[in-house]
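Down below is the structure, laid out as C-alpha cells.
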Amino acid sequence: MTNKEHKVLVANRGEIAVRIVRACRKLGLNFVCVYTAEDVESGHVLLAREAGGDKALYRVSSYHDANELLAVADIAGATAIHPGYGFFAEDYRFARRVSRRESKLVFIGPSWRVIRELGDKINTKRLARSLGVPTVPGSDKPIYDEMEAERVARNLYEFQQQQGIEHPVILVKASAGGGGMGIEEVHDIDLFRSVYRRIRNYAARQFKDEGVLIEQRIRDFNHLEVQILAERNCEGVVHFGTRNCSIQSTGLQKRVEVAPGFDSGSVAYRFDADQVLADITMHSLAMAKEVRYDSVGTWEWIVTREGKPYLMEVNTRIQVENGVSAAIARIKGQPGVDIIAEQIRTALGEPLGYTQDDISFSGVGIEYRIIAEDPDNRFTPWVGRIDAFSWKKEDWLSVYTHVPESSAGKPYVIPTEFDPNLALGIVWGENLAQARERGKLFLDNLVLKGANSAGEPLKSNVEFLRRKTEQILLF
C-alpha cells in the first residue's frame, strides 16, 4: 500500500487534531475525525467537515473508549491511527491492540514495545544508567513495599544533608505516570509514609500500577527537552534540537517553551551551555538507537545551575511543543519543517530522506500556551464562553487553535470536560531579543474576550505570559 492509499483516523481533539488533519492534507492522505457531544462546535470538527464532508466525521461517546474508536476505524475504512497526545498516545496496550487485530492499523507513534519500555520511568532510568546517561539519584526499580520506600527516602535525605543542603526534599512519583501527574514533594521525612500511600493509591487508580519511584528533588533547575525523530525501520535517527520549558504553572504544567534550550550568544551562563546542549542531545540519540526507537519522541532533562544535566523521562509521543522546535529547524536549508507530517510520513513506511547533516537551525522560537485560567489563583481553570478571539497575522507568527473564528458573531463555549487550552502562539526571531519583542507584540495585539454565566469577564494567562517573556532563557 502506498502512502496515498492510507486513511488516517485522528483519535484526538482540539488543536492537535487540527494539526494532524492539516498534515494529512499536506501529504495527500485521506482522514477521518471523531468528536464528542461537547466538541460539536470545536474547530477540528469544522475543519474536518470543510475538508472532507460529513463522511470525515464520526461522533463518539468518549475519546477514551478504545472499542468505539476502533469501530469507527473499521466503518470508515481507516488504515492508520494517530493518537495525538494524551488519551491513548502512550498506552502500549492500545498500540499493541491496533497493530495485532485482524484488521490491522498502523499506529502513528512508536512500536508498542518501545512505548512499554520507555513509558516506565524506572525502566528508562535503568537503561540510561546502563549507557552512562546521568539520572537523578534515587530508586531504579518500582517500590511496592512501604518499609523499603521509607528506607530509600531516608538515604536520600542523608545524601542531601551530606551535600550541605539545609532543607532536603524528595519527590515521590508514580512510576507509570507522566506529564507532571502523580508527583508530590516531601519536605518532612515524618510525613513520608502518608505521601507514599497517597501516591501509591493514585497510581493504582490512574495507571493500574502501584509502582512508586523515589528521587532527590533537584532545586533551581531548567527543564530542557531534545526532539527526536526516527524511521519506522529504526535505521535513520535524527534530532530537531533542544527546547527550554522552564516557565511553568504552580502545578508544574508548561506555559512557555523556547528553542533552542539555551542561547549562549545572548545570555551569560555559569557553565558551558553549548556543551550541555551537545551532551544531552548525544545521550538522547544514544538511548533512541539502543531501544531502536521508531517515531517522534522527546527526551526530557533537568539542568542544574551548575550545568549538571539529569535525564527525567522519555515521552513516546508527539508533544504540544513540537512546533517551536520546527520553527527554528531547516531541512536542506528550507524552513517550514512540519514534525507532525514527518511523523506520519515515516510511520507509513517512507524513509527520512535526509540525515542529521541536512538539518540546520536558525534563530529563536517562542511558544506561548494561551489558556483560560487564573494565574493569580493557582492557575485555576476558567469556565465560560469566548466572544472574540483574534490576532494580527505576521510572517513570523503561527497560531494553532481549535477555537472557531468569531467573525460570525457566534460565541464558543469552553467544554468543562477538558482543559481550557485555547491556542498555541509560536513566534520566530533572528535572535533572542527579536523573538522577545515579537512575542510581546503578538500578545499585545491578541484579542481575547468572553464572560462566564455570571457575566464576569474572561480570565486568561495572557498577562502572565507577557510578564514572563523577559525571563525567557535566563537562568
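Chain labels A, B, ... are given in the sequence in which chains occur in the C-alpha cells; within each chain residues are numbered consecutively from 1, and ligands are likewise numbered from 1 in the order shown.
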For region 244-280 of chain A against region 291-305 of chain A, with a cut-off of 9 Å and counting only C-alpha atoms, what is the closest atom pair and its distance in Å to one decimal for every residue that makes the cut, ordered by chain and number, as CSV?
residue,atom,partner,partner_atom,distance
A:Tyr269,CA,A:Arg305,CA,8.6
A:Arg270,CA,A:Arg305,CA,7.3
A:Phe271,CA,A:Arg305,CA,8.0
A:Val276,CA,A:Val303,CA,8.3
A:Ile280,CA,A:Trp301,CA,7.7
Next on the checklist: Using only C-alpha atoms, which protein or nucleic acid residues come within 8 Å of Tyr412 (chain A)? Drop anything in the same chain fewer than 6 positions from it, and give the result as a PyMOL selection string.
Outcome noted: chain A and resi 41+385-387+403-404+406
Next on the checklist: So that I can see what lies close to region 388-392 of chain A, please list as JSON, numbers by chain the residues with an atom at most 7 Å from it, counting only C-alpha atoms and leaving out residues fewer than 5 positions away in the same chain.
Outcome noted: {"A": [405, 406, 445, 446, 447, 448, 449, 450]}
Export of the given selection (all heavy atoms) as a PDB file, in the first residue's frame:
ATOM      1  N   GLU A 405     -13.215  30.859  14.508  1.00  0.00           N
ATOM      2  CA  GLU A 405     -13.198  32.300  14.325  1.00  0.00           C
ATOM      3  C   GLU A 405     -14.530  32.886  14.765  1.00  0.00           C
ATOM      4  O   GLU A 405     -15.596  32.314  14.518  1.00  0.00           O
ATOM      5  CB  GLU A 405     -12.933  32.653  12.856  1.00  0.00           C
ATOM      6  CG  GLU A 405     -11.544  32.291  12.387  1.00  0.00           C
ATOM      7  CD  GLU A 405     -11.289  32.762  10.962  1.00  0.00           C
ATOM      8  OE1 GLU A 405     -12.089  33.573  10.467  1.00  0.00           O
ATOM      9  OE2 GLU A 405     -10.307  32.304  10.355  1.00  0.00           O
ATOM     10  N   SER A 406     -14.477  34.045  15.402  1.00  0.00           N
ATOM     11  CA  SER A 406     -15.692  34.646  15.956  1.00  0.00           C
ATOM     12  C   SER A 406     -16.303  35.674  15.021  1.00  0.00           C
ATOM     13  O   SER A 406     -17.147  36.468  15.423  1.00  0.00           O
ATOM     14  CB  SER A 406     -15.380  35.303  17.307  1.00  0.00           C
ATOM     15  OG  SER A 406     -14.325  36.239  17.164  1.00  0.00           O
ATOM     16  N   ASN A 445      -1.279  42.411  20.686  1.00  0.00           N
ATOM     17  CA  ASN A 445      -2.283  42.512  19.628  1.00  0.00           C
ATOM     18  C   ASN A 445      -3.353  41.429  19.720  1.00  0.00           C
ATOM     19  O   ASN A 445      -4.278  41.400  18.894  1.00  0.00           O
ATOM     20  CB  ASN A 445      -1.611  42.435  18.252  1.00  0.00           C
ATOM     21  CG  ASN A 445      -0.814  43.692  17.934  1.00  0.00           C
ATOM     22  OD1 ASN A 445      -1.199  44.784  18.330  1.00  0.00           O
ATOM     23  ND2 ASN A 445       0.296  43.532  17.235  1.00  0.00           N
ATOM     24  N   LEU A 446      -3.204  40.543  20.698  1.00  0.00           N
ATOM     25  CA  LEU A 446      -4.164  39.450  20.843  1.00  0.00           C
ATOM     26  C   LEU A 446      -5.488  39.979  21.399  1.00  0.00           C
ATOM     27  O   LEU A 446      -5.509  40.690  22.404  1.00  0.00           O
ATOM     28  CB  LEU A 446      -3.586  38.391  21.786  1.00  0.00           C
ATOM     29  CG  LEU A 446      -4.314  37.051  21.883  1.00  0.00           C
ATOM     30  CD1 LEU A 446      -4.221  36.289  20.572  1.00  0.00           C
ATOM     31  CD2 LEU A 446      -3.699  36.211  23.008  1.00  0.00           C
ATOM     32  N   VAL A 447      -6.582  39.628  20.748  1.00  0.00           N
ATOM     33  CA  VAL A 447      -7.917  39.987  21.227  1.00  0.00           C
ATOM     34  C   VAL A 447      -8.562  38.727  21.788  1.00  0.00           C
ATOM     35  O   VAL A 447      -8.757  37.740  21.068  1.00  0.00           O
ATOM     36  CB  VAL A 447      -8.792  40.562  20.100  1.00  0.00           C
ATOM     37  CG1 VAL A 447     -10.216  40.809  20.605  1.00  0.00           C
ATOM     38  CG2 VAL A 447      -8.179  41.833  19.542  1.00  0.00           C
ATOM     39  N   LEU A 448      -8.850  38.744  23.070  1.00  0.00           N
ATOM     40  CA  LEU A 448      -9.440  37.583  23.733  1.00  0.00           C
ATOM     41  C   LEU A 448     -10.462  38.082  24.740  1.00  0.00           C
ATOM     42  O   LEU A 448     -10.106  38.641  25.775  1.00  0.00           O
ATOM     43  CB  LEU A 448      -8.347  36.753  24.424  1.00  0.00           C
ATOM     44  CG  LEU A 448      -8.780  35.491  25.172  1.00  0.00           C
ATOM     45  CD1 LEU A 448      -9.592  34.557  24.285  1.00  0.00           C
ATOM     46  CD2 LEU A 448      -7.571  34.771  25.746  1.00  0.00           C
ATOM     47  N   LYS A 449     -11.740  37.907  24.414  1.00  0.00           N
ATOM     48  CA  LYS A 449     -12.811  38.414  25.266  1.00  0.00           C
ATOM     49  C   LYS A 449     -13.873  37.339  25.464  1.00  0.00           C
ATOM     50  O   LYS A 449     -14.118  36.517  24.589  1.00  0.00           O
ATOM     51  CB  LYS A 449     -13.454  39.656  24.644  1.00  0.00           C
ATOM     52  CG  LYS A 449     -12.504  40.828  24.470  1.00  0.00           C
ATOM     53  CD  LYS A 449     -13.206  42.000  23.786  1.00  0.00           C
ATOM     54  CE  LYS A 449     -12.257  43.170  23.588  1.00  0.00           C
ATOM     55  NZ  LYS A 449     -12.919  44.298  22.880  1.00  0.00           N
ATOM     56  N   GLY A 450     -14.517  37.400  26.615  1.00  0.00           N
ATOM     57  CA  GLY A 450     -15.581  36.461  26.910  1.00  0.00           C
ATOM     58  C   GLY A 450     -16.137  36.714  28.292  1.00  0.00           C
ATOM     59  O   GLY A 450     -15.727  37.666  28.980  1.00  0.00           O
TER      60      GLY A 450
END
Would you return as a PDB file with N, CA and C atoms, in the first residue's frame the members of region 34-156 of chain A that DSSP assigns to helix (DSSP H, G or I) on this structure's backbone?
ATOM      1  N   ALA A  37     -20.069  14.955  21.988  1.00  0.00           N
ATOM      2  CA  ALA A  37     -21.141  15.953  22.028  1.00  0.00           C
ATOM      3  C   ALA A  37     -20.621  17.299  22.514  1.00  0.00           C
ATOM      4  N   GLU A  38     -19.659  17.282  23.445  1.00  0.00           N
ATOM      5  CA  GLU A  38     -19.132  18.530  23.995  1.00  0.00           C
ATOM      6  C   GLU A  38     -18.314  19.309  22.957  1.00  0.00           C
ATOM      7  N   ASP A  39     -17.813  18.607  21.944  1.00  0.00           N
ATOM      8  CA  ASP A  39     -16.906  19.222  20.976  1.00  0.00           C
ATOM      9  C   ASP A  39     -17.571  19.535  19.634  1.00  0.00           C
ATOM     10  N   GLY A  43     -13.138  23.600  16.520  1.00  0.00           N
ATOM     11  CA  GLY A  43     -12.532  23.869  15.226  1.00  0.00           C
ATOM     12  C   GLY A  43     -12.103  22.622  14.482  1.00  0.00           C
ATOM     13  N   HIS A  44     -11.742  21.569  15.201  1.00  0.00           N
ATOM     14  CA  HIS A  44     -11.324  20.354  14.486  1.00  0.00           C
ATOM     15  C   HIS A  44     -12.503  19.701  13.790  1.00  0.00           C
ATOM     16  N   VAL A  45     -13.687  19.851  14.358  1.00  0.00           N
ATOM     17  CA  VAL A  45     -14.898  19.330  13.721  1.00  0.00           C
ATOM     18  C   VAL A  45     -15.235  20.155  12.480  1.00  0.00           C
ATOM     19  N   LEU A  46     -15.156  21.463  12.608  1.00  0.00           N
ATOM     20  CA  LEU A  46     -15.459  22.346  11.480  1.00  0.00           C
ATOM     21  C   LEU A  46     -14.474  22.123  10.340  1.00  0.00           C
ATOM     22  N   LEU A  47     -13.177  21.961  10.656  1.00  0.00           N
ATOM     23  CA  LEU A  47     -12.174  21.731   9.628  1.00  0.00           C
ATOM     24  C   LEU A  47     -12.399  20.398   8.925  1.00  0.00           C
ATOM     25  N   ALA A  48     -12.698  19.353   9.698  1.00  0.00           N
ATOM     26  CA  ALA A  48     -12.922  18.036   9.102  1.00  0.00           C
ATOM     27  C   ALA A  48     -14.112  18.067   8.154  1.00  0.00           C
ATOM     28  N   ARG A  49     -15.172  18.738   8.576  1.00  0.00           N
ATOM     29  CA  ARG A  49     -16.360  18.821   7.716  1.00  0.00           C
ATOM     30  C   ARG A  49     -16.068  19.619   6.449  1.00  0.00           C
ATOM     31  N   GLU A  50     -15.331  20.704   6.602  1.00  0.00           N
ATOM     32  CA  GLU A  50     -14.999  21.544   5.454  1.00  0.00           C
ATOM     33  C   GLU A  50     -14.092  20.811   4.472  1.00  0.00           C
ATOM     34  N   ALA A  51     -13.125  20.063   5.001  1.00  0.00           N
ATOM     35  CA  ALA A  51     -12.141  19.408   4.135  1.00  0.00           C
ATOM     36  C   ALA A  51     -12.597  18.054   3.611  1.00  0.00           C
ATOM     37  N   GLY A  52     -13.426  17.366   4.384  1.00  0.00           N
ATOM     38  CA  GLY A  52     -13.799  16.004   3.988  1.00  0.00           C
ATOM     39  C   GLY A  52     -15.278  15.710   3.958  1.00  0.00           C
ATOM     40  N   ASP A  54     -19.268  15.351   5.631  1.00  0.00           N
ATOM     41  CA  ASP A  54     -19.784  14.616   6.784  1.00  0.00           C
ATOM     42  C   ASP A  54     -19.193  13.216   6.904  1.00  0.00           C
ATOM     43  N   LYS A  55     -18.751  12.640   5.793  1.00  0.00           N
ATOM     44  CA  LYS A  55     -18.182  11.280   5.844  1.00  0.00           C
ATOM     45  C   LYS A  55     -16.833  11.257   6.567  1.00  0.00           C
ATOM     46  N   ALA A  56     -16.268  12.446   6.802  1.00  0.00           N
ATOM     47  CA  ALA A  56     -14.985  12.522   7.509  1.00  0.00           C
ATOM     48  C   ALA A  56     -15.170  12.721   9.003  1.00  0.00           C
ATOM     49  N   ALA A  66     -11.691   2.777  23.587  1.00  0.00           N
ATOM     50  CA  ALA A  66     -10.922   2.147  22.517  1.00  0.00           C
ATOM     51  C   ALA A  66     -11.825   1.370  21.569  1.00  0.00           C
ATOM     52  N   ASN A  67     -12.810   0.676  22.094  1.00  0.00           N
ATOM     53  CA  ASN A  67     -13.711  -0.111  21.244  1.00  0.00           C
ATOM     54  C   ASN A  67     -14.448   0.784  20.256  1.00  0.00           C
ATOM     55  N   GLU A  68     -14.888   1.926  20.726  1.00  0.00           N
ATOM     56  CA  GLU A  68     -15.608   2.849  19.867  1.00  0.00           C
ATOM     57  C   GLU A  68     -14.700   3.419  18.778  1.00  0.00           C
ATOM     58  N   LEU A  69     -13.493   3.776  19.152  1.00  0.00           N
ATOM     59  CA  LEU A  69     -12.550   4.315  18.176  1.00  0.00           C
ATOM     60  C   LEU A  69     -12.232   3.292  17.092  1.00  0.00           C
ATOM     61  N   LEU A  70     -12.022   2.054  17.487  1.00  0.00           N
ATOM     62  CA  LEU A  70     -11.688   1.020  16.512  1.00  0.00           C
ATOM     63  C   LEU A  70     -12.892   0.664  15.650  1.00  0.00           C
ATOM     64  N   ALA A  71     -14.084   0.774  16.201  1.00  0.00           N
ATOM     65  CA  ALA A  71     -15.294   0.561  15.400  1.00  0.00           C
ATOM     66  C   ALA A  71     -15.389   1.628  14.308  1.00  0.00           C
ATOM     67  N   VAL A  72     -15.086   2.877  14.670  1.00  0.00           N
ATOM     68  CA  VAL A  72     -15.074   3.960  13.683  1.00  0.00           C
ATOM     69  C   VAL A  72     -14.031   3.678  12.609  1.00  0.00           C
ATOM     70  N   ALA A  73     -12.860   3.204  13.028  1.00  0.00           N
ATOM     71  CA  ALA A  73     -11.805   2.891  12.061  1.00  0.00           C
ATOM     72  C   ALA A  73     -12.283   1.871  11.040  1.00  0.00           C
ATOM     73  N   ASP A  74     -12.991   0.853  11.503  1.00  0.00           N
ATOM     74  CA  ASP A  74     -13.477  -0.193  10.597  1.00  0.00           C
ATOM     75  C   ASP A  74     -14.568   0.333   9.665  1.00  0.00           C
ATOM     76  N   ILE A  75     -15.500   1.075  10.227  1.00  0.00           N
ATOM     77  CA  ILE A  75     -16.603   1.604   9.421  1.00  0.00           C
ATOM     78  C   ILE A  75     -16.090   2.577   8.357  1.00  0.00           C
ATOM     79  N   ALA A  76     -15.139   3.410   8.765  1.00  0.00           N
ATOM     80  CA  ALA A  76     -14.631   4.446   7.865  1.00  0.00           C
ATOM     81  C   ALA A  76     -13.561   3.930   6.908  1.00  0.00           C
ATOM     82  N   TYR A  92       0.689   1.497  25.683  1.00  0.00           N
ATOM     83  CA  TYR A  92       1.270   0.444  24.850  1.00  0.00           C
ATOM     84  C   TYR A  92       0.259  -0.664  24.566  1.00  0.00           C
ATOM     85  N   ARG A  93      -0.691  -0.863  25.478  1.00  0.00           N
ATOM     86  CA  ARG A  93      -1.703  -1.901  25.244  1.00  0.00           C
ATOM     87  C   ARG A  93      -2.573  -1.543  24.046  1.00  0.00           C
ATOM     88  N   PHE A  94      -2.929  -0.265  23.936  1.00  0.00           N
ATOM     89  CA  PHE A  94      -3.717   0.184  22.797  1.00  0.00           C
ATOM     90  C   PHE A  94      -2.897   0.058  21.512  1.00  0.00           C
ATOM     91  N   ALA A  95      -1.642   0.496  21.548  1.00  0.00           N
ATOM     92  CA  ALA A  95      -0.786   0.394  20.362  1.00  0.00           C
ATOM     93  C   ALA A  95      -0.614  -1.058  19.937  1.00  0.00           C
ATOM     94  N   ARG A  96      -0.457  -1.940  20.908  1.00  0.00           N
ATOM     95  CA  ARG A  96      -0.322  -3.368  20.596  1.00  0.00           C
ATOM     96  C   ARG A  96      -1.609  -3.908  19.991  1.00  0.00           C
ATOM     97  N   ARG A  97      -2.738  -3.493  20.539  1.00  0.00           N
ATOM     98  CA  ARG A  97      -4.022  -3.987  20.056  1.00  0.00           C
ATOM     99  C   ARG A  97      -4.268  -3.586  18.602  1.00  0.00           C
ATOM    100  N   VAL A  98      -4.030  -2.323  18.263  1.00  0.00           N
ATOM    101  CA  VAL A  98      -4.333  -1.883  16.907  1.00  0.00           C
ATOM    102  C   VAL A  98      -3.397  -2.523  15.889  1.00  0.00           C
ATOM    103  N   SER A  99      -2.191  -2.879  16.311  1.00  0.00           N
ATOM    104  CA  SER A  99      -1.244  -3.475  15.371  1.00  0.00           C
ATOM    105  C   SER A  99      -1.409  -4.979  15.238  1.00  0.00           C
ATOM    106  N   ARG A 100      -2.143  -5.601  16.175  1.00  0.00           N
ATOM    107  CA  ARG A 100      -2.290  -7.057  16.159  1.00  0.00           C
ATOM    108  C   ARG A 100      -3.686  -7.524  15.770  1.00  0.00           C
ATOM    109  N   TRP A 112       4.681  -0.629  20.116  1.00  0.00           N
ATOM    110  CA  TRP A 112       4.168  -0.829  21.474  1.00  0.00           C
ATOM    111  C   TRP A 112       5.266  -1.292  22.426  1.00  0.00           C
ATOM    112  N   ARG A 113       6.237  -2.036  21.911  1.00  0.00           N
ATOM    113  CA  ARG A 113       7.330  -2.499  22.783  1.00  0.00           C
ATOM    114  C   ARG A 113       8.171  -1.331  23.284  1.00  0.00           C
ATOM    115  N   VAL A 114       8.424  -0.362  22.395  1.00  0.00           N
ATOM    116  CA  VAL A 114       9.189   0.814  22.790  1.00  0.00           C
ATOM    117  C   VAL A 114       8.408   1.649  23.800  1.00  0.00           C
ATOM    118  N   ILE A 115       7.104   1.812  23.555  1.00  0.00           N
ATOM    119  CA  ILE A 115       6.271   2.565  24.493  1.00  0.00           C
ATOM    120  C   ILE A 115       6.301   1.909  25.866  1.00  0.00           C
ATOM    121  N   ARG A 116       6.197   0.591  25.879  1.00  0.00           N
ATOM    122  CA  ARG A 116       6.208  -0.126  27.168  1.00  0.00           C
ATOM    123  C   ARG A 116       7.555   0.034  27.866  1.00  0.00           C
ATOM    124  N   GLU A 117       8.633  -0.058  27.112  1.00  0.00           N
ATOM    125  CA  GLU A 117       9.964   0.003  27.724  1.00  0.00           C
ATOM    126  C   GLU A 117      10.273   1.382  28.280  1.00  0.00           C
ATOM    127  N   LEU A 118       9.940   2.428  27.525  1.00  0.00           N
ATOM    128  CA  LEU A 118      10.291   3.782  27.938  1.00  0.00           C
ATOM    129  C   LEU A 118       9.178   4.476  28.714  1.00  0.00           C
ATOM    130  N   GLY A 119       7.990   3.893  28.712  1.00  0.00           N
ATOM    131  CA  GLY A 119       6.877   4.518  29.421  1.00  0.00           C
ATOM    132  C   GLY A 119       6.983   4.400  30.925  1.00  0.00           C
ATOM    133  N   LYS A 121       9.158   5.030  34.074  1.00  0.00           N
ATOM    134  CA  LYS A 121      10.308   5.859  34.452  1.00  0.00           C
ATOM    135  C   LYS A 121      11.468   5.027  34.979  1.00  0.00           C
ATOM    136  N   ILE A 122      11.148   3.945  35.664  1.00  0.00           N
ATOM    137  CA  ILE A 122      12.203   3.143  36.279  1.00  0.00           C
ATOM    138  C   ILE A 122      12.957   2.344  35.223  1.00  0.00           C
ATOM    139  N   ASN A 123      12.241   1.766  34.258  1.00  0.00           N
ATOM    140  CA  ASN A 123      12.919   1.094  33.150  1.00  0.00           C
ATOM    141  C   ASN A 123      13.810   2.063  32.385  1.00  0.00           C
ATOM    142  N   THR A 124      13.290   3.286  32.196  1.00  0.00           N
ATOM    143  CA  THR A 124      14.069   4.303  31.489  1.00  0.00           C
ATOM    144  C   THR A 124      15.336   4.636  32.256  1.00  0.00           C
ATOM    145  N   LYS A 125      15.213   4.739  33.565  1.00  0.00           N
ATOM    146  CA  LYS A 125      16.385   5.061  34.387  1.00  0.00           C
ATOM    147  C   LYS A 125      17.421   3.944  34.307  1.00  0.00           C
ATOM    148  N   ARG A 126      16.967   2.700  34.340  1.00  0.00           N
ATOM    149  CA  ARG A 126      17.904   1.579  34.239  1.00  0.00           C
ATOM    150  C   ARG A 126      18.644   1.604  32.905  1.00  0.00           C
ATOM    151  N   LEU A 127      17.896   1.805  31.829  1.00  0.00           N
ATOM    152  CA  LEU A 127      18.505   1.861  30.507  1.00  0.00           C
ATOM    153  C   LEU A 127      19.521   2.992  30.440  1.00  0.00           C
ATOM    154  N   ALA A 128      19.121   4.158  30.942  1.00  0.00           N
ATOM    155  CA  ALA A 128      20.012   5.316  30.910  1.00  0.00           C
ATOM    156  C   ALA A 128      21.306   5.019  31.660  1.00  0.00           C
ATOM    157  N   ARG A 129      21.190   4.475  32.844  1.00  0.00           N
ATOM    158  CA  ARG A 129      22.385   4.201  33.651  1.00  0.00           C
ATOM    159  C   ARG A 129      23.286   3.174  32.970  1.00  0.00           C
ATOM    160  N   SER A 130      22.679   2.215  32.248  1.00  0.00           N
ATOM    161  CA  SER A 130      23.494   1.208  31.563  1.00  0.00           C
ATOM    162  C   SER A 130      24.309   1.815  30.433  1.00  0.00           C
ATOM    163  N   GLU A 146       6.266  -0.443  51.672  1.00  0.00           N
ATOM    164  CA  GLU A 146       6.357   0.834  52.370  1.00  0.00           C
ATOM    165  C   GLU A 146       7.646   0.960  53.172  1.00  0.00           C
ATOM    166  N   MET A 147       8.076  -0.112  53.795  1.00  0.00           N
ATOM    167  CA  MET A 147       9.303  -0.056  54.594  1.00  0.00           C
ATOM    168  C   MET A 147      10.522   0.199  53.697  1.00  0.00           C
ATOM    169  N   GLU A 148      10.569  -0.494  52.551  1.00  0.00           N
ATOM    170  CA  GLU A 148      11.670  -0.277  51.623  1.00  0.00           C
ATOM    171  C   GLU A 148      11.657   1.152  51.106  1.00  0.00           C
ATOM    172  N   ALA A 149      10.462   1.670  50.795  1.00  0.00           N
ATOM    173  CA  ALA A 149      10.325   3.036  50.295  1.00  0.00           C
ATOM    174  C   ALA A 149      10.860   4.035  51.311  1.00  0.00           C
ATOM    175  N   GLU A 150      10.513   3.841  52.576  1.00  0.00           N
ATOM    176  CA  GLU A 150      10.980   4.769  53.604  1.00  0.00           C
ATOM    177  C   GLU A 150      12.497   4.682  53.773  1.00  0.00           C
ATOM    178  N   ARG A 151      13.055   3.501  53.603  1.00  0.00           N
ATOM    179  CA  ARG A 151      14.498   3.331  53.715  1.00  0.00           C
ATOM    180  C   ARG A 151      15.215   4.120  52.607  1.00  0.00           C
ATOM    181  N   VAL A 152      14.696   4.032  51.386  1.00  0.00           N
ATOM    182  CA  VAL A 152      15.272   4.781  50.267  1.00  0.00           C
ATOM    183  C   VAL A 152      15.146   6.283  50.520  1.00  0.00           C
ATOM    184  N   ALA A 153      13.982   6.693  51.022  1.00  0.00           N
ATOM    185  CA  ALA A 153      13.748   8.118  51.281  1.00  0.00           C
ATOM    186  C   ALA A 153      14.724   8.659  52.318  1.00  0.00           C
ATOM    187  N   ARG A 154      14.927   7.908  53.399  1.00  0.00           N
ATOM    188  CA  ARG A 154      15.845   8.364  54.450  1.00  0.00           C
ATOM    189  C   ARG A 154      17.284   8.450  53.924  1.00  0.00           C
ATOM    190  N   ASN A 155      17.665   7.495  53.076  1.00  0.00           N
ATOM    191  CA  ASN A 155      19.012   7.532  52.498  1.00  0.00           C
ATOM    192  C   ASN A 155      19.197   8.778  51.637  1.00  0.00           C
ATOM    193  N   LEU A 156      18.157   9.144  50.894  1.00  0.00           N
ATOM    194  CA  LEU A 156      18.234  10.331  50.051  1.00  0.00           C
ATOM    195  C   LEU A 156      18.304  11.599  50.893  1.00  0.00           C
TER     196      LEU A 156
END
Exercise: Gln253 (chain A) partners within 12 Å, only C-alpha atoms, chain neighbours under 2 positions left out, as a PDB file with C-alpha atoms, in the first residue's frame:
ATOM      1  CA  GLY A 178       3.850  11.272  33.043  1.00  0.00           C
ATOM      2  CA  GLY A 179       3.312  14.929  32.230  1.00  0.00           C
ATOM      3  CA  GLY A 180       3.630  16.008  35.853  1.00  0.00           C
ATOM      4  CA  MET A 181       0.893  13.625  37.044  1.00  0.00           C
ATOM      5  CA  HIS A 223      13.716  21.956  32.184  1.00  0.00           C
ATOM      6  CA  CYS A 245      10.311  24.509  29.076  1.00  0.00           C
ATOM      7  CA  SER A 246      11.174  26.083  32.436  1.00  0.00           C
ATOM      8  CA  ILE A 247       8.341  28.639  32.591  1.00  0.00           C
ATOM      9  CA  GLN A 248       5.536  26.632  34.163  1.00  0.00           C
ATOM     10  CA  SER A 249       2.437  26.950  36.309  1.00  0.00           C
ATOM     11  CA  THR A 250       2.433  26.262  40.034  1.00  0.00           C
ATOM     12  CA  GLY A 251       1.284  22.762  39.115  1.00  0.00           C
ATOM     13  CA  ARG A 255       3.287  27.607  29.771  1.00  0.00           C
ATOM     14  CA  VAL A 256       6.189  28.876  27.604  1.00  0.00           C
ATOM     15  CA  GLU A 257       8.623  26.833  25.524  1.00  0.00           C
ATOM     16  CA  VAL A 320       2.357  20.040  22.329  1.00  0.00           C
ATOM     17  CA  ARG A 369       0.204  28.417  25.577  1.00  0.00           C
ATOM     18  CA  ILE A 371      -5.193  29.192  28.370  1.00  0.00           C
ATOM     19  CA  PRO A 375      -2.664  32.615  37.231  1.00  0.00           C
ATOM     20  CA  ARG A 378      -3.053  28.936  41.359  1.00  0.00           C
ATOM     21  CA  PHE A 379      -3.913  28.789  37.650  1.00  0.00           C
ATOM     22  CA  ASP A 419      -8.553  21.507  29.995  1.00  0.00           C
ATOM     23  CA  ASN A 421      -6.422  25.293  26.443  1.00  0.00           C
TER      24      ASN A 421
END
